[in-house]
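Novice: Dropping a structure here in structure tokens format, bear with me for questions.
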Amino acid sequence: MIIRTLLITTTLLFAGSAAASAVKGDTANGKKVFESDVDTKGNKVAVCTGCHGVGNTEKLPDGSAMPQENPVLAGQYADYLSKALHDYKSKKRAHIGMQGNASRLSDKEIADVSVYLGSLKSKVHDLSEHENEK
Amino acid sequence: MKTSILLLAGLFLASNAQAAELKGNPKAGKTLAYTCTGCHGISEYKNAYPSYRVPKIAGQHEKYLLAALHGYKKGERNHPTMKAQASSFSDQDIADIAAYLSSLKSKK
């Protein structure tokens with residue numbers, strides 16, 4: 001009994017980590033979601049790009065620089081972005097604007113937009129690149 | 001009465017201004033950020049439960065890094081390890097770390 005439970009738990013753990021580490025999404029649709037400029041009421045608003053910039057440009061749709069308070073999302077790990085969006089959606093992470101925006105995304109749209117952003121190159125990078133610097 | 005309100009307002013403004021004006025020292029930040037490398041300095045390093053890769057923080061915007069670290073320190077963000085790390089840092093430490101991380105350029 002114990003062995004069986006252990007086996008099942010182990011299998012579940014492996015399945016869980018495999019599913020989470022590899023977010024599968026549609027990059028082209030993710031780009032569409034990220035660049036969507038119509039809110040649920042049909043108003044013209046740059047929902048994502050109005051704060052986080054277009055693609056990896058760090059520029060808002062009007063060409064101005066994105067606010068430095070906001071994180072650069074381009075180039076970030078897709079599974080971290082997906083986790084963050086799900087945390088906003090379930091209100092585990094606090095931010096009024098992001099909770100609202102994430103709650104309007106389906107799980108598929110979260111996967112798509114995360115994979116799209118993760119596929120871009122940006123100045124955000126892994127700290128491991130600097131491990132031997134003096 | 002009026003004086004104490006004025007005094008309070010003055011103190012409030014002073015403390016706010018101080019927080020806003022803390023200038024980060026990237027050199028000091030580099031030393032402090034050694035502890036960050038345990039997780040963030042290993043490429044593709046994964047958080048265990050739930051499993052996801054810990055975020056890339058080098059090159060990120062300084063003001064966002066400040067907000068994230070203060071968010072953990074104040075308990076507004078929930079990651080246990082990050083809460084513990086951030087609450088062990090002074091506001092100056094946080095400013096230094098944010099200045100260091102945001103100054104990094106990718107070589108790739």
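By convention in this document, the chains of the structure tokens carry letters A, B, ... by their order, each chain's residues are numbered from 1, and ligands are numbered from 1 in the order they are shown.
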With chain A as the partner and 12 Å as the cut-off, tabulate the residues of chain B that qualify, each row holding the nearest pair of atoms and their distance in Å to one decimal, using only C-alpha atoms, sorted by chain and rising number, as JSON lines.

Specialist:
```
{"residue": "B:Lys27", "atom": "CA", "partner": "A:Lys134", "partner_atom": "CA", "distance": 10.2}
{"residue": "B:Lys30", "atom": "CA", "partner": "A:Lys134", "partner_atom": "CA", "distance": 9.2}
{"residue": "B:Thr31", "atom": "CA", "partner": "A:Lys134", "partner_atom": "CA", "distance": 10.0}
{"residue": "B:Ala33", "atom": "CA", "partner": "A:Leu127", "partner_atom": "CA", "distance": 9.8}
{"residue": "B:Tyr34", "atom": "CA", "partner": "A:Glu131", "partner_atom": "CA", "distance": 9.0}
{"residue": "B:Thr35", "atom": "CA", "partner": "A:Leu127", "partner_atom": "CA", "distance": 11.6}
{"residue": "B:Cys36", "atom": "CA", "partner": "A:Leu127", "partner_atom": "CA", "distance": 8.7}
{"residue": "B:Thr37", "atom": "CA", "partner": "A:Leu127", "partner_atom": "CA", "distance": 6.9}
{"residue": "B:Gly38", "atom": "CA", "partner": "A:Ser128", "partner_atom": "CA", "distance": 9.8}
{"residue": "B:Cys39", "atom": "CA", "partner": "A:Leu127", "partner_atom": "CA", "distance": 9.3}
{"residue": "B:His40", "atom": "CA", "partner": "A:Leu127", "partner_atom": "CA", "distance": 5.9}
{"residue": "B:Gly41", "atom": "CA", "partner": "A:Ser128", "partner_atom": "CA", "distance": 4.0}
{"residue": "B:Ile42", "atom": "CA", "partner": "A:Ser128", "partner_atom": "CA", "distance": 5.3}
{"residue": "B:Ser43", "atom": "CA", "partner": "A:Ser128", "partner_atom": "CA", "distance": 5.9}
{"residue": "B:Glu44", "atom": "CA", "partner": "A:Asp126", "partner_atom": "CA", "distance": 8.3}
{"residue": "B:Tyr45", "atom": "CA", "partner": "A:Asp126", "partner_atom": "CA", "distance": 9.9}
{"residue": "B:Lys46", "atom": "CA", "partner": "A:Ser21", "partner_atom": "CA", "distance": 8.1}
{"residue": "B:Asn47", "atom": "CA", "partner": "A:Tyr80", "partner_atom": "CA", "distance": 9.6}
{"residue": "B:Ala48", "atom": "CA", "partner": "A:Ser17", "partner_atom": "CA", "distance": 8.2}
{"residue": "B:Tyr49", "atom": "CA", "partner": "A:Ser17", "partner_atom": "CA", "distance": 8.4}
{"residue": "B:Pro50", "atom": "CA", "partner": "A:Ser17", "partner_atom": "CA", "distance": 7.6}
{"residue": "B:Ser51", "atom": "CA", "partner": "A:Ser17", "partner_atom": "CA", "distance": 5.3}
{"residue": "B:Tyr52", "atom": "CA", "partner": "A:Ser21", "partner_atom": "CA", "distance": 5.4}
{"residue": "B:Arg53", "atom": "CA", "partner": "A:Tyr80", "partner_atom": "CA", "distance": 5.8}
{"residue": "B:Val54", "atom": "CA", "partner": "A:Tyr80", "partner_atom": "CA", "distance": 6.4}
{"residue": "B:Pro55", "atom": "CA", "partner": "A:Tyr80", "partner_atom": "CA", "distance": 6.0}
{"residue": "B:Lys56", "atom": "CA", "partner": "A:Asp126", "partner_atom": "CA", "distance": 4.8}
{"residue": "B:Ile57", "atom": "CA", "partner": "A:Val124", "partner_atom": "CA", "distance": 6.5}
{"residue": "B:Ala58", "atom": "CA", "partner": "A:His125", "partner_atom": "CA", "distance": 5.2}
{"residue": "B:Gly59", "atom": "CA", "partner": "A:Val124", "partner_atom": "CA", "distance": 4.5}
{"residue": "B:Gln60", "atom": "CA", "partner": "A:Val124", "partner_atom": "CA", "distance": 5.3}
{"residue": "B:His61", "atom": "CA", "partner": "A:Gln68", "partner_atom": "CA", "distance": 5.8}
{"residue": "B:Glu62", "atom": "CA", "partner": "A:Gln68", "partner_atom": "CA", "distance": 7.2}
{"residue": "B:Lys63", "atom": "CA", "partner": "A:Glu69", "partner_atom": "CA", "distance": 4.7}
{"residue": "B:Tyr64", "atom": "CA", "partner": "A:Glu69", "partner_atom": "CA", "distance": 4.6}
{"residue": "B:Leu65", "atom": "CA", "partner": "A:Pro71", "partner_atom": "CA", "distance": 8.0}
{"residue": "B:Leu66", "atom": "CA", "partner": "A:Glu69", "partner_atom": "CA", "distance": 8.5}
{"residue": "B:Ala67", "atom": "CA", "partner": "A:Glu69", "partner_atom": "CA", "distance": 7.5}
{"residue": "B:Ala68", "atom": "CA", "partner": "A:Pro71", "partner_atom": "CA", "distance": 9.6}
{"residue": "B:Gly71", "atom": "CA", "partner": "A:Ala94", "partner_atom": "CA", "distance": 9.4}
{"residue": "B:Tyr72", "atom": "CA", "partner": "A:Arg93", "partner_atom": "CA", "distance": 10.9}
{"residue": "B:Gly75", "atom": "CA", "partner": "A:Ala94", "partner_atom": "CA", "distance": 10.5}
{"residue": "B:Glu76", "atom": "CA", "partner": "A:Ala94", "partner_atom": "CA", "distance": 6.8}
{"residue": "B:Arg77", "atom": "CA", "partner": "A:Arg93", "partner_atom": "CA", "distance": 6.3}
{"residue": "B:Asn78", "atom": "CA", "partner": "A:Arg93", "partner_atom": "CA", "distance": 7.5}
{"residue": "B:His79", "atom": "CA", "partner": "A:Arg93", "partner_atom": "CA", "distance": 10.1}
{"residue": "B:Ala98", "atom": "CA", "partner": "A:Glu69", "partner_atom": "CA", "distance": 11.9}
{"residue": "B:Tyr100", "atom": "CA", "partner": "A:Leu127", "partner_atom": "CA", "distance": 11.0}
{"residue": "B:Leu101", "atom": "CA", "partner": "A:Leu127", "partner_atom": "CA", "distance": 8.3}
{"residue": "B:Ser102", "atom": "CA", "partner": "A:Val124", "partner_atom": "CA", "distance": 8.8}
{"residue": "B:Ser103", "atom": "CA", "partner": "A:Lys123", "partner_atom": "CA", "distance": 10.2}
{"residue": "B:Leu104", "atom": "CA", "partner": "A:His130", "partner_atom": "CA", "distance": 8.3}
{"residue": "B:Lys105", "atom": "CA", "partner": "A:Lys123", "partner_atom": "CA", "distance": 6.7}
{"residue": "B:Ser106", "atom": "CA", "partner": "A:His125", "partner_atom": "CA", "distance": 6.2}
{"residue": "B:Lys107", "atom": "CA", "partner": "A:Glu129", "partner_atom": "CA", "distance": 7.6}
{"residue": "B:Lys108", "atom": "CA", "partner": "A:Glu129", "partner_atom": "CA", "distance": 8.8}
```

Novice: Take the selection from the previous step and output its residues with C-alpha atoms, as a PDB file, in the first residue's frame.

Specialist:
```
ATOM      1  CA  LYS B  27      29.228  47.778  -6.504  1.00  0.00           C
ATOM      2  CA  LYS B  30      27.145  42.956  -6.558  1.00  0.00           C
ATOM      3  CA  THR B  31      28.402  41.705  -3.191  1.00  0.00           C
ATOM      4  CA  ALA B  33      23.587  39.708  -4.867  1.00  0.00           C
ATOM      5  CA  TYR B  34      25.866  36.743  -4.231  1.00  0.00           C
ATOM      6  CA  THR B  35      23.032  35.164  -2.285  1.00  0.00           C
ATOM      7  CA  CYS B  36      20.694  35.566  -5.292  1.00  0.00           C
ATOM      8  CA  THR B  37      22.919  33.392  -7.461  1.00  0.00           C
ATOM      9  CA  GLY B  38      21.978  30.275  -5.455  1.00  0.00           C
ATOM     10  CA  CYS B  39      18.743  30.196  -7.477  1.00  0.00           C
ATOM     11  CA  HIS B  40      18.849  32.986 -10.059  1.00  0.00           C
ATOM     12  CA  GLY B  41      22.440  32.325 -11.085  1.00  0.00           C
ATOM     13  CA  ILE B  42      21.841  28.825 -12.337  1.00  0.00           C
ATOM     14  CA  SER B  43      20.554  28.731 -15.872  1.00  0.00           C
ATOM     15  CA  GLU B  44      17.062  27.202 -16.111  1.00  0.00           C
ATOM     16  CA  TYR B  45      16.978  26.612 -12.344  1.00  0.00           C
ATOM     17  CA  LYS B  46      13.555  25.434 -11.252  1.00  0.00           C
ATOM     18  CA  ASN B  47      11.420  26.314  -8.281  1.00  0.00           C
ATOM     19  CA  ALA B  48      10.308  22.974  -6.839  1.00  0.00           C
ATOM     20  CA  TYR B  49       6.631  23.215  -5.871  1.00  0.00           C
ATOM     21  CA  PRO B  50       5.099  24.314  -8.089  1.00  0.00           C
ATOM     22  CA  SER B  51       7.721  23.714 -10.718  1.00  0.00           C
ATOM     23  CA  TYR B  52       8.659  26.649 -12.935  1.00  0.00           C
ATOM     24  CA  ARG B  53      11.937  28.267 -13.863  1.00  0.00           C
ATOM     25  CA  VAL B  54      12.870  31.105 -11.517  1.00  0.00           C
ATOM     26  CA  PRO B  55      12.750  34.407 -13.389  1.00  0.00           C
ATOM     27  CA  LYS B  56      15.645  36.033 -15.181  1.00  0.00           C
ATOM     28  CA  ILE B  57      16.476  39.125 -13.155  1.00  0.00           C
ATOM     29  CA  ALA B  58      19.650  40.448 -14.799  1.00  0.00           C
ATOM     30  CA  GLY B  59      18.984  43.475 -17.000  1.00  0.00           C
ATOM     31  CA  GLN B  60      15.477  43.959 -15.595  1.00  0.00           C
ATOM     32  CA  HIS B  61      14.265  47.508 -14.887  1.00  0.00           C
ATOM     33  CA  GLU B  62      15.668  48.926 -11.654  1.00  0.00           C
ATOM     34  CA  LYS B  63      12.340  50.359 -10.484  1.00  0.00           C
ATOM     35  CA  TYR B  64      10.554  47.062 -11.052  1.00  0.00           C
ATOM     36  CA  LEU B  65      13.228  45.168  -9.095  1.00  0.00           C
ATOM     37  CA  LEU B  66      12.777  47.684  -6.258  1.00  0.00           C
ATOM     38  CA  ALA B  67       9.013  47.152  -6.317  1.00  0.00           C
ATOM     39  CA  ALA B  68       9.398  43.362  -6.370  1.00  0.00           C
ATOM     40  CA  GLY B  71       6.724  43.690  -2.217  1.00  0.00           C
ATOM     41  CA  TYR B  72       8.337  40.556  -0.764  1.00  0.00           C
ATOM     42  CA  GLY B  75       4.593  40.457   2.498  1.00  0.00           C
ATOM     43  CA  GLU B  76       2.600  41.591  -0.530  1.00  0.00           C
ATOM     44  CA  ARG B  77       4.288  38.914  -2.592  1.00  0.00           C
ATOM     45  CA  ASN B  78       4.257  35.407  -1.294  1.00  0.00           C
ATOM     46  CA  HIS B  79       7.260  33.342  -2.210  1.00  0.00           C
ATOM     47  CA  ALA B  98      18.365  46.663  -7.895  1.00  0.00           C
ATOM     48  CA  TYR B 100      23.479  46.141  -9.722  1.00  0.00           C
ATOM     49  CA  LEU B 101      21.062  43.751 -11.428  1.00  0.00           C
ATOM     50  CA  SER B 102      19.616  46.414 -13.730  1.00  0.00           C
ATOM     51  CA  SER B 103      23.101  47.490 -14.811  1.00  0.00           C
ATOM     52  CA  LEU B 104      23.994  44.045 -16.173  1.00  0.00           C
ATOM     53  CA  LYS B 105      24.246  43.548 -19.907  1.00  0.00           C
ATOM     54  CA  SER B 106      23.883  40.218 -21.628  1.00  0.00           C
ATOM     55  CA  LYS B 107      26.891  39.023 -23.596  1.00  0.00           C
ATOM     56  CA  LYS B 108      24.816  36.771 -25.805  1.00  0.00           C
TER      57      LYS B 108
END
```

Novice: DSSP on the backbone, then: every residue of chain B marked alpha helix (DSSP H), written as a PDB file with C-alpha atoms, in the first residue's frame.

Specialist:
```pdb
ATOM      1  CA  LYS B   2      -2.077  72.520  13.795  1.00  0.00           C
ATOM      2  CA  THR B   3       1.615  72.325  14.510  1.00  0.00           C
ATOM      3  CA  SER B   4       1.497  68.569  15.078  1.00  0.00           C
ATOM      4  CA  ILE B   5      -0.367  68.019  11.816  1.00  0.00           C
ATOM      5  CA  LEU B   6       2.199  70.110  10.027  1.00  0.00           C
ATOM      6  CA  LEU B   7       4.979  68.221  11.757  1.00  0.00           C
ATOM      7  CA  LEU B   8       3.438  64.881  10.814  1.00  0.00           C
ATOM      8  CA  ALA B   9       3.001  65.992   7.228  1.00  0.00           C
ATOM      9  CA  GLY B  10       6.588  67.156   7.213  1.00  0.00           C
ATOM     10  CA  LEU B  11       7.858  63.870   8.591  1.00  0.00           C
ATOM     11  CA  PHE B  12       5.755  61.934   6.108  1.00  0.00           C
ATOM     12  CA  LEU B  13       7.128  63.920   3.200  1.00  0.00           C
ATOM     13  CA  ALA B  14      10.659  63.571   4.509  1.00  0.00           C
ATOM     14  CA  SER B  15      10.450  59.793   4.891  1.00  0.00           C
ATOM     15  CA  ASN B  16       8.815  59.403   1.495  1.00  0.00           C
ATOM     16  CA  ALA B  17      11.420  61.562  -0.138  1.00  0.00           C
ATOM     17  CA  GLN B  18      14.138  59.560   1.555  1.00  0.00           C
ATOM     18  CA  ALA B  19      12.800  56.269   0.228  1.00  0.00           C
ATOM     19  CA  ALA B  20      12.537  57.708  -3.249  1.00  0.00           C
ATOM     20  CA  GLU B  21      16.017  59.180  -3.137  1.00  0.00           C
ATOM     21  CA  PRO B  26      25.870  48.728  -8.032  1.00  0.00           C
ATOM     22  CA  LYS B  27      29.228  47.778  -6.504  1.00  0.00           C
ATOM     23  CA  ALA B  28      27.708  47.125  -3.098  1.00  0.00           C
ATOM     24  CA  GLY B  29      24.820  45.423  -4.866  1.00  0.00           C
ATOM     25  CA  LYS B  30      27.145  42.956  -6.558  1.00  0.00           C
ATOM     26  CA  THR B  31      28.402  41.705  -3.191  1.00  0.00           C
ATOM     27  CA  LEU B  32      24.882  41.497  -1.780  1.00  0.00           C
ATOM     28  CA  THR B  37      22.919  33.392  -7.461  1.00  0.00           C
ATOM     29  CA  GLY B  38      21.978  30.275  -5.455  1.00  0.00           C
ATOM     30  CA  CYS B  39      18.743  30.196  -7.477  1.00  0.00           C
ATOM     31  CA  HIS B  40      18.849  32.986 -10.059  1.00  0.00           C
ATOM     32  CA  GLU B  62      15.668  48.926 -11.654  1.00  0.00           C
ATOM     33  CA  LYS B  63      12.340  50.359 -10.484  1.00  0.00           C
ATOM     34  CA  TYR B  64      10.554  47.062 -11.052  1.00  0.00           C
ATOM     35  CA  LEU B  65      13.228  45.168  -9.095  1.00  0.00           C
ATOM     36  CA  LEU B  66      12.777  47.684  -6.258  1.00  0.00           C
ATOM     37  CA  ALA B  67       9.013  47.152  -6.317  1.00  0.00           C
ATOM     38  CA  ALA B  68       9.398  43.362  -6.370  1.00  0.00           C
ATOM     39  CA  LEU B  69      11.869  43.241  -3.461  1.00  0.00           C
ATOM     40  CA  HIS B  70       9.860  45.698  -1.352  1.00  0.00           C
ATOM     41  CA  GLY B  71       6.724  43.690  -2.217  1.00  0.00           C
ATOM     42  CA  TYR B  72       8.337  40.556  -0.764  1.00  0.00           C
ATOM     43  CA  LYS B  73       9.663  42.456   2.238  1.00  0.00           C
ATOM     44  CA  PRO B  80       8.637  32.042   1.141  1.00  0.00           C
ATOM     45  CA  THR B  81      12.327  32.103   0.192  1.00  0.00           C
ATOM     46  CA  MET B  82      12.055  35.507  -1.444  1.00  0.00           C
ATOM     47  CA  LYS B  83      10.149  36.881   1.547  1.00  0.00           C
ATOM     48  CA  ALA B  84      12.915  35.686   3.868  1.00  0.00           C
ATOM     49  CA  GLN B  85      15.658  37.075   1.634  1.00  0.00           C
ATOM     50  CA  ALA B  86      14.006  40.439   1.099  1.00  0.00           C
ATOM     51  CA  SER B  87      13.206  40.964   4.766  1.00  0.00           C
ATOM     52  CA  ASP B  91      16.113  49.539   2.065  1.00  0.00           C
ATOM     53  CA  GLN B  92      19.632  50.589   1.079  1.00  0.00           C
ATOM     54  CA  ASP B  93      20.586  46.947   0.379  1.00  0.00           C
ATOM     55  CA  ILE B  94      17.534  46.599  -1.856  1.00  0.00           C
ATOM     56  CA  ALA B  95      18.437  49.800  -3.716  1.00  0.00           C
ATOM     57  CA  ASP B  96      21.998  48.497  -4.206  1.00  0.00           C
ATOM     58  CA  ILE B  97      20.857  45.090  -5.479  1.00  0.00           C
ATOM     59  CA  ALA B  98      18.365  46.663  -7.895  1.00  0.00           C
ATOM     60  CA  ALA B  99      21.066  49.044  -9.168  1.00  0.00           C
ATOM     61  CA  TYR B 100      23.479  46.141  -9.722  1.00  0.00           C
ATOM     62  CA  LEU B 101      21.062  43.751 -11.428  1.00  0.00           C
ATOM     63  CA  SER B 102      19.616  46.414 -13.730  1.00  0.00           C
ATOM     64  CA  SER B 103      23.101  47.490 -14.811  1.00  0.00           C
TER      65      SER B 103
END
```

Novice: Could you tell me, as a list in words, which residues of chain A DSSP assigns to strand (DSSP E or B) when given the backbone?

Specialist: Val38, Lys44, Lys59, Ala65 and His125 of chain A

Novice: Find the residues near Ala28 in chain A: any atom within 12 Å, counting only C-alpha atoms, skip ones fewer than 5 places away on the same chain, and give them as a list in words.

Specialist: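 Those residues are Val33, Phe34, Glu35, Glu109, Ala111, Asp112, Val113, Ser114, Val115, Tyr116, Leu117 and Ser119 of chain A.
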
Novice: Grab the residues selected above and save them as a short mmCIF file (atom, residue, chain, number, x, y, z; two decimals), in the first residue's frame with C-alpha atoms.

Specialist:
```
data_model
loop_
_atom_site.label_atom_id
_atom_site.label_comp_id
_atom_site.auth_asym_id
_atom_site.auth_seq_id
_atom_site.Cartn_x
_atom_site.Cartn_y
_atom_site.Cartn_z
CA VAL A 33 -3.18 38.35 -27.51
CA PHE A 34 -0.27 40.53 -26.38
CA GLU A 35 -0.91 43.13 -29.07
CA GLU A 109 -4.31 32.42 -23.95
CA ALA A 111 0.06 29.71 -22.36
CA ASP A 112 0.16 31.36 -25.78
CA VAL A 113 1.15 34.81 -24.55
CA SER A 114 3.78 33.33 -22.20
CA VAL A 115 5.38 31.28 -24.97
CA TYR A 116 5.32 34.29 -27.32
CA LEU A 117 7.07 36.58 -24.81
CA SER A 119 10.51 33.45 -27.51
#
```

Novice: Please indicate the distance in Å from CA of Asn43 in chain A to CA of Asp62 in chain A, rounded to one decimal place.

Specialist: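 About the pair CA of Asn43 in chain A and CA of Asp62 in chain A: they are 16.7 Å apart.
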